[in-house]
Protein chains: 2
Amino acid sequence: MVYLLYNQYNMFTSSEENYLKAIYHLGLVAKKGVSTNAIAKKLDTKASSVTDMVKKLADKKVLIYQKYQGVNLTIEGKKIAALIIRKHRLWEVFLVEKLNFNWDEVHDVAEQLEHIKSPKLIDEIDALLGFPTVDPHGDPIPDKEGEITLRKKVKLSTLKENEETVLLAVKDSSDDFLRYLNKKKIAIGNTIKVIHIEPFDHSTLVQINDVELLITNEVAENLLVKESNAV
Amino acid sequence: MVYLLYNQYNMFTSSEENYLKAIYHLGLVAKKGVSTNAIAKKLDTKASSVTDMVKKLADKKVLIYQKYQGVNLTIEGKKIAALIIRKHRLWEVFLVEKLNFNWDEVHDVAEQLEHIKSPKLIDEIDALLGFPTVDPHGDPIPDKEGEITLRKKVKLSTLKENEETVLLAVKDSSDDFLRYLNKKKIAIGNTIKVIHIEPFDHSTLVQINDVELLITNEVAENLLVKESNAV
DNA sequence: AATAATTTTTAGGCTTATCTAAAAATTATT
DNA sequence: AATAATTTTTAGATAAGCCTAAAAATTATT
């Protein structure tokens, strides 16, 4: 394969890429355009800075911007954002699988690595890892065209007693939560069976990796699992 | 091991790091201070830009600058530069050994990766590679303290007939030369025996990997090998 | 619907890293 | 040693990405 030519997606600065990524994430849950303030909050910057950048990105045809109406990524913009997320998530898998990082340590480094420009590099990392489809948090990895295959996920708290499932992802990715999961040896892909749900506080006794464990409802709310699998 | 604290070496921009690296390389062969023009040429920038940056780096105590007298790195500056070079060379080994890059493809990517800030990342890459001491071009990899162990190297052209040696490094790292070596299947670590030297043009018949090969004197001038090993 | 609160934009500045053009210092040449 | 050539520095500009403060537009509340 030949990688001599830089493609059209290589002409964005790290800052521009961070905006695209933020807008992409916000756009997934927004009903209308993504607001200036929402972007500012996500990127920990000022609304006025966002307005500036958003105008620049509109000039580059990666998003549609109308004063006071928020922004929407174009098809092009969505693809570029998805490919940055692809790189981020592949690097996360690499750090955990090959370099002994814990999944609560990967984010800051992946945040830097995602901006490295080299199609061959990320393709080879992908191959080295065996073409993974989810990152260490269970989030899907977009393919080379930027397409994401979504798996139906439900909160563990929606399951009933005796149902068995597989942990697909976590809702909350805070360091505190990830460290809790580490300590309890809970990882993506683990089989989870609901043994008993306490009606009073909805605390739940589960079996994970053949070990029984009592988790609070708050934890059960943040574990995303494969849709029911009654036994 | 704990990596929570950022150390004193994390406070340089990519641009500053590039200057330090360039000055370090130029300083190895300079008798006096490294000149503004030499730095400008190496970094493909203007002398006036160099003056600006050099003042800033002097303020940060990583080099000594006196108007019109060129610059010299401080102990501190040398260490920082060596650690950037360490990262660059470890990434090069990684790209070649783990990601199927050819040694003429690694430079641009390593140039980006060397600026990633994460002590754990580079330590783990180092371990994954088995703590290599030389990069794919045979250049030594500084240790974690920035110390370089130099091996005595001589040009292949200085050997006499029947002498046997090992290829340690290449003098010229141009794409053309590296591709020539690739094509001829010549790599760092290969055993080389001088079979015959033609007195007229100093072209040399050598045996590399049990294959006889005729190389020009220009090639022999650019292959750096272990000091004589008469047979 | 008018006013208040909030959001967003504009206007003007700042910093980093670059540039050009001109001035100053050093080095080379006659 | 004086002059010419080269190198280096200074002065002033520019672009990217950010900021504050004030103005304008939108949204919420009475």
# chains A, B, ... in the order shown; residues from 1 in each chain; ligands from 1

$ residues_around --residues "Leu128 in chain A" --least-positions-apart "4" --cutoff "8 Å" --atoms "only C-alpha atoms (C1' of nucleotides)" --output "list of chain:residue names"
A:Glu124, B:Lys98, B:Leu99

$ write_last_selection --atoms "N, CA, C and O atoms" --output "short mmCIF file (atom, residue, chain, number, x, y, z; two decimals), in the first residue's frame"
data_model
loop_
_atom_site.label_atom_id
_atom_site.label_comp_id
_atom_site.auth_asym_id
_atom_site.auth_seq_id
_atom_site.Cartn_x
_atom_site.Cartn_y
_atom_site.Cartn_z
N GLU A 124 -1.34 0.35 10.93
CA GLU A 124 -0.48 -0.70 11.48
C GLU A 124 -0.82 -0.98 12.95
O GLU A 124 -0.78 -2.13 13.39
N LYS B 98 7.93 -3.20 15.24
CA LYS B 98 6.56 -3.62 15.57
C LYS B 98 5.53 -3.24 14.52
O LYS B 98 4.46 -3.84 14.47
N LEU B 99 5.81 -2.22 13.74
CA LEU B 99 4.78 -1.74 12.80
C LEU B 99 5.16 -1.84 11.33
O LEU B 99 4.54 -1.18 10.48
#

$ closest_atom_pairs --of "chain B" --to "chain C" --cutoff "8 Å" --atoms "only C-alpha atoms (C1' of nucleotides)" --output "Markdown table"
| residue | atom | partner | partner_atom | distance |
| --- | --- | --- | --- | --- |
| B:Lys46 | CA | C:DC19 | C1' | 7.9 |
| B:Ser49 | CA | C:DT18 | C1' | 6.7 |
| B:Tyr68 | CA | C:DA25 | C1' | 7.4 |

$ interface_residues --of "chain D" --to "chain B" --cutoff "12 Å" --atoms "only C-alpha atoms (C1' of nucleotides)" --output "list of chain:residue names"
D:DT6, D:DT7, D:DT8, D:DT9, D:DT10, D:DA11

$ closest_atom_pairs --of "chain B" --to "chain A" --cutoff "12 Å" --atoms "only C-alpha atoms" --output "Markdown table"
| residue | atom | partner | partner_atom | distance |
| --- | --- | --- | --- | --- |
| B:Met1 | CA | A:Phe101 | CA | 11.9 |
| B:Val2 | CA | A:Glu105 | CA | 11.5 |
| B:Tyr3 | CA | A:Glu105 | CA | 10.0 |
| B:Leu4 | CA | A:Glu105 | CA | 10.1 |
| B:Trp91 | CA | A:Leu121 | CA | 11.4 |
| B:Glu92 | CA | A:Leu121 | CA | 11.7 |
| B:Phe94 | CA | A:Leu121 | CA | 10.9 |
| B:Leu95 | CA | A:Leu121 | CA | 8.0 |
| B:Val96 | CA | A:Leu121 | CA | 10.9 |
| B:Glu97 | CA | A:Leu128 | CA | 11.5 |
| B:Lys98 | CA | A:Leu128 | CA | 7.8 |
| B:Leu99 | CA | A:Glu124 | CA | 5.5 |
| B:Asn100 | CA | A:Glu124 | CA | 7.6 |
| B:Phe101 | CA | A:Lys120 | CA | 8.5 |
| B:Asn102 | CA | A:Lys120 | CA | 11.4 |
| B:Glu105 | CA | A:Lys120 | CA | 9.9 |
| B:Val106 | CA | A:Leu121 | CA | 9.7 |
| B:His107 | CA | A:Ser118 | CA | 11.4 |
| B:Asp108 | CA | A:Ser118 | CA | 8.8 |
| B:Val109 | CA | A:Ser118 | CA | 6.7 |
| B:Ala110 | CA | A:Ile116 | CA | 9.7 |
| B:Glu111 | CA | A:Ile116 | CA | 9.9 |
| B:Gln112 | CA | A:Ile116 | CA | 6.4 |
| B:Leu113 | CA | A:Ile116 | CA | 7.1 |
| B:Glu114 | CA | A:Ile116 | CA | 10.6 |
| B:His115 | CA | A:Gln112 | CA | 9.2 |
| B:Ile116 | CA | A:Gln112 | CA | 6.5 |
| B:Lys117 | CA | A:Val109 | CA | 7.5 |
| B:Ser118 | CA | A:Val109 | CA | 6.7 |
| B:Pro119 | CA | A:Val109 | CA | 10.2 |
| B:Lys120 | CA | A:Phe101 | CA | 8.5 |
| B:Leu121 | CA | A:Leu99 | CA | 7.4 |
| B:Ile122 | CA | A:Leu99 | CA | 9.5 |
| B:Asp123 | CA | A:Leu99 | CA | 9.1 |
| B:Glu124 | CA | A:Leu99 | CA | 5.5 |
| B:Ile125 | CA | A:Leu99 | CA | 6.9 |
| B:Asp126 | CA | A:Leu99 | CA | 9.9 |
| B:Ala127 | CA | A:Leu99 | CA | 8.7 |
| B:Leu128 | CA | A:Leu99 | CA | 7.3 |
| B:Leu129 | CA | A:Leu99 | CA | 10.8 |

$ write_last_selection --atoms "N, CA, C and O atoms" --output "short mmCIF file (atom, residue, chain, number, x, y, z; two decimals), in the first residue's frame"
data_model
loop_
_atom_site.label_atom_id
_atom_site.label_comp_id
_atom_site.auth_asym_id
_atom_site.auth_seq_id
_atom_site.Cartn_x
_atom_site.Cartn_y
_atom_site.Cartn_z
N MET B 1 5.66 1.98 39.80
CA MET B 1 6.26 3.31 39.64
C MET B 1 5.16 4.36 39.47
O MET B 1 4.13 4.10 38.89
N VAL B 2 5.42 5.55 39.98
CA VAL B 2 4.39 6.60 39.97
C VAL B 2 4.77 7.69 38.97
O VAL B 2 5.91 8.12 38.91
N TYR B 3 3.82 8.07 38.17
CA TYR B 3 4.08 9.06 37.14
C TYR B 3 3.18 10.27 37.28
O TYR B 3 2.88 10.94 36.31
N LEU B 4 2.70 10.52 38.46
CA LEU B 4 1.73 11.59 38.63
C LEU B 4 2.35 12.97 38.45
O LEU B 4 1.73 13.87 37.91
N TRP B 91 11.08 5.54 19.25
CA TRP B 91 9.92 5.44 18.36
C TRP B 91 10.33 4.85 17.02
O TRP B 91 9.60 4.06 16.42
N GLU B 92 11.51 5.23 16.53
CA GLU B 92 11.97 4.66 15.25
C GLU B 92 12.10 3.14 15.34
O GLU B 92 11.68 2.42 14.43
N PHE B 94 10.53 1.21 17.38
CA PHE B 94 9.17 0.69 17.48
C PHE B 94 8.50 0.58 16.10
O PHE B 94 7.90 -0.45 15.76
N LEU B 95 8.63 1.64 15.32
CA LEU B 95 7.99 1.66 14.00
C LEU B 95 8.53 0.55 13.10
O LEU B 95 7.78 -0.11 12.38
N VAL B 96 9.83 0.32 13.18
CA VAL B 96 10.44 -0.69 12.32
C VAL B 96 10.17 -2.11 12.84
O VAL B 96 9.78 -3.00 12.09
N GLU B 97 10.36 -2.27 14.16
CA GLU B 97 10.26 -3.62 14.73
C GLU B 97 8.83 -4.11 14.88
O GLU B 97 8.55 -5.29 14.71
N LYS B 98 7.93 -3.20 15.24
CA LYS B 98 6.56 -3.62 15.57
C LYS B 98 5.53 -3.24 14.52
O LYS B 98 4.46 -3.84 14.47
N LEU B 99 5.81 -2.22 13.74
CA LEU B 99 4.78 -1.74 12.80
C LEU B 99 5.16 -1.84 11.33
O LEU B 99 4.54 -1.18 10.48
N ASN B 100 6.19 -2.63 11.03
CA ASN B 100 6.52 -2.91 9.63
C ASN B 100 6.87 -1.68 8.79
O ASN B 100 6.64 -1.66 7.60
N PHE B 101 7.43 -0.67 9.44
CA PHE B 101 7.93 0.48 8.66
C PHE B 101 9.32 0.13 8.13
O PHE B 101 10.06 -0.61 8.77
N ASN B 102 9.66 0.67 6.96
CA ASN B 102 11.04 0.60 6.50
C ASN B 102 11.80 1.74 7.15
O ASN B 102 11.22 2.75 7.50
N GLU B 105 11.18 5.24 6.16
CA GLU B 105 9.82 5.80 6.31
C GLU B 105 9.58 6.38 7.71
O GLU B 105 8.53 6.97 7.96
N VAL B 106 10.52 6.14 8.62
CA VAL B 106 10.23 6.42 10.02
C VAL B 106 10.44 7.86 10.46
O VAL B 106 9.86 8.30 11.45
N HIS B 107 11.24 8.60 9.73
CA HIS B 107 11.68 9.88 10.26
C HIS B 107 10.57 10.89 10.55
O HIS B 107 10.46 11.44 11.65
N ASP B 108 9.69 11.12 9.56
CA ASP B 108 8.63 12.12 9.73
C ASP B 108 7.69 11.78 10.88
O ASP B 108 7.27 12.67 11.63
N VAL B 109 7.36 10.52 11.01
CA VAL B 109 6.46 10.12 12.09
C VAL B 109 7.15 10.25 13.45
O VAL B 109 6.58 10.78 14.41
N ALA B 110 8.39 9.80 13.52
CA ALA B 110 9.14 9.90 14.79
C ALA B 110 9.30 11.36 15.19
O ALA B 110 9.29 11.71 16.37
N GLU B 111 9.41 12.21 14.20
CA GLU B 111 9.52 13.66 14.42
C GLU B 111 8.29 14.20 15.16
O GLU B 111 8.38 15.13 15.94
N GLN B 112 7.14 13.59 14.89
CA GLN B 112 5.92 13.98 15.60
C GLN B 112 5.85 13.29 16.97
O GLN B 112 5.54 13.92 17.98
N LEU B 113 6.13 12.01 16.97
CA LEU B 113 5.96 11.23 18.21
C LEU B 113 6.92 11.65 19.32
O LEU B 113 6.59 11.53 20.50
N GLU B 114 8.07 12.18 18.94
CA GLU B 114 9.07 12.55 19.95
C GLU B 114 8.56 13.65 20.89
O GLU B 114 9.13 13.86 21.96
N HIS B 115 7.52 14.35 20.49
CA HIS B 115 7.03 15.46 21.32
C HIS B 115 5.88 15.07 22.26
O HIS B 115 5.40 15.90 23.03
N ILE B 116 5.46 13.82 22.20
CA ILE B 116 4.41 13.35 23.10
C ILE B 116 4.93 13.35 24.54
O ILE B 116 6.01 12.83 24.81
N LYS B 117 4.15 13.95 25.44
CA LYS B 117 4.57 14.07 26.84
C LYS B 117 3.94 12.98 27.69
O LYS B 117 2.75 13.04 27.99
N SER B 118 4.74 11.99 28.07
CA SER B 118 4.27 10.95 28.96
C SER B 118 5.45 10.04 29.31
O SER B 118 5.84 9.20 28.51
N PRO B 119 6.02 10.21 30.50
CA PRO B 119 7.17 9.39 30.87
C PRO B 119 6.83 7.90 30.83
O PRO B 119 7.62 7.08 30.36
N LYS B 120 5.64 7.54 31.29
CA LYS B 120 5.29 6.12 31.30
C LYS B 120 5.26 5.57 29.88
O LYS B 120 5.71 4.45 29.63
N LEU B 121 4.71 6.35 28.96
CA LEU B 121 4.62 5.89 27.57
C LEU B 121 5.98 5.46 27.04
O LEU B 121 6.15 4.35 26.53
N ILE B 122 6.98 6.33 27.18
CA ILE B 122 8.26 6.00 26.55
C ILE B 122 8.98 4.89 27.32
O ILE B 122 9.65 4.05 26.71
N ASP B 123 8.79 4.84 28.63
CA ASP B 123 9.39 3.73 29.39
C ASP B 123 8.80 2.39 28.97
O ASP B 123 9.52 1.38 28.87
N GLU B 124 7.52 2.38 28.72
CA GLU B 124 6.87 1.12 28.32
C GLU B 124 7.27 0.72 26.91
O GLU B 124 7.43 -0.47 26.61
N ILE B 125 7.38 1.71 26.03
CA ILE B 125 7.85 1.41 24.67
C ILE B 125 9.26 0.81 24.75
O ILE B 125 9.58 -0.19 24.10
N ASP B 126 10.10 1.42 25.57
CA ASP B 126 11.46 0.95 25.79
C ASP B 126 11.46 -0.52 26.22
O ASP B 126 12.18 -1.36 25.66
N ALA B 127 10.61 -0.83 27.21
CA ALA B 127 10.53 -2.20 27.73
C ALA B 127 10.00 -3.15 26.66
O ALA B 127 10.53 -4.25 26.47
N LEU B 128 8.93 -2.72 25.95
CA LEU B 128 8.34 -3.55 24.90
C LEU B 128 9.38 -3.96 23.86
O LEU B 128 9.35 -5.06 23.31
N LEU B 129 10.32 -3.05 23.61
CA LEU B 129 11.34 -3.29 22.58
C LEU B 129 12.55 -4.02 23.14
O LEU B 129 13.50 -4.33 22.40
#

$ select_by_dssp --residues "range 98-129 of chain B" --states "alpha helix (DSSP H)" --output "PyMOL selection string"
chain B and resi 98-99+107-113+119-128

$ select_by_dssp --residues "range 74-207 of chain A" --states "strand (DSSP E)" --output "VMD selection string"
chain A and resid 153 to 155 164 to 170 191 to 197 204 to 207

$ residues_around --residues "range 151-160 of chain B" --least-positions-apart "3" --cutoff "10 Å" --atoms "only C-alpha atoms (C1' of nucleotides)" --output "ChimeraX atom specification"
/B:139-140,148,163-171,192-197,202-204,216-230

$ atom_distance --atom1 "CA of Asp201 in chain A" --atom2 "CA of Gly189 in chain A"
26.9 Å
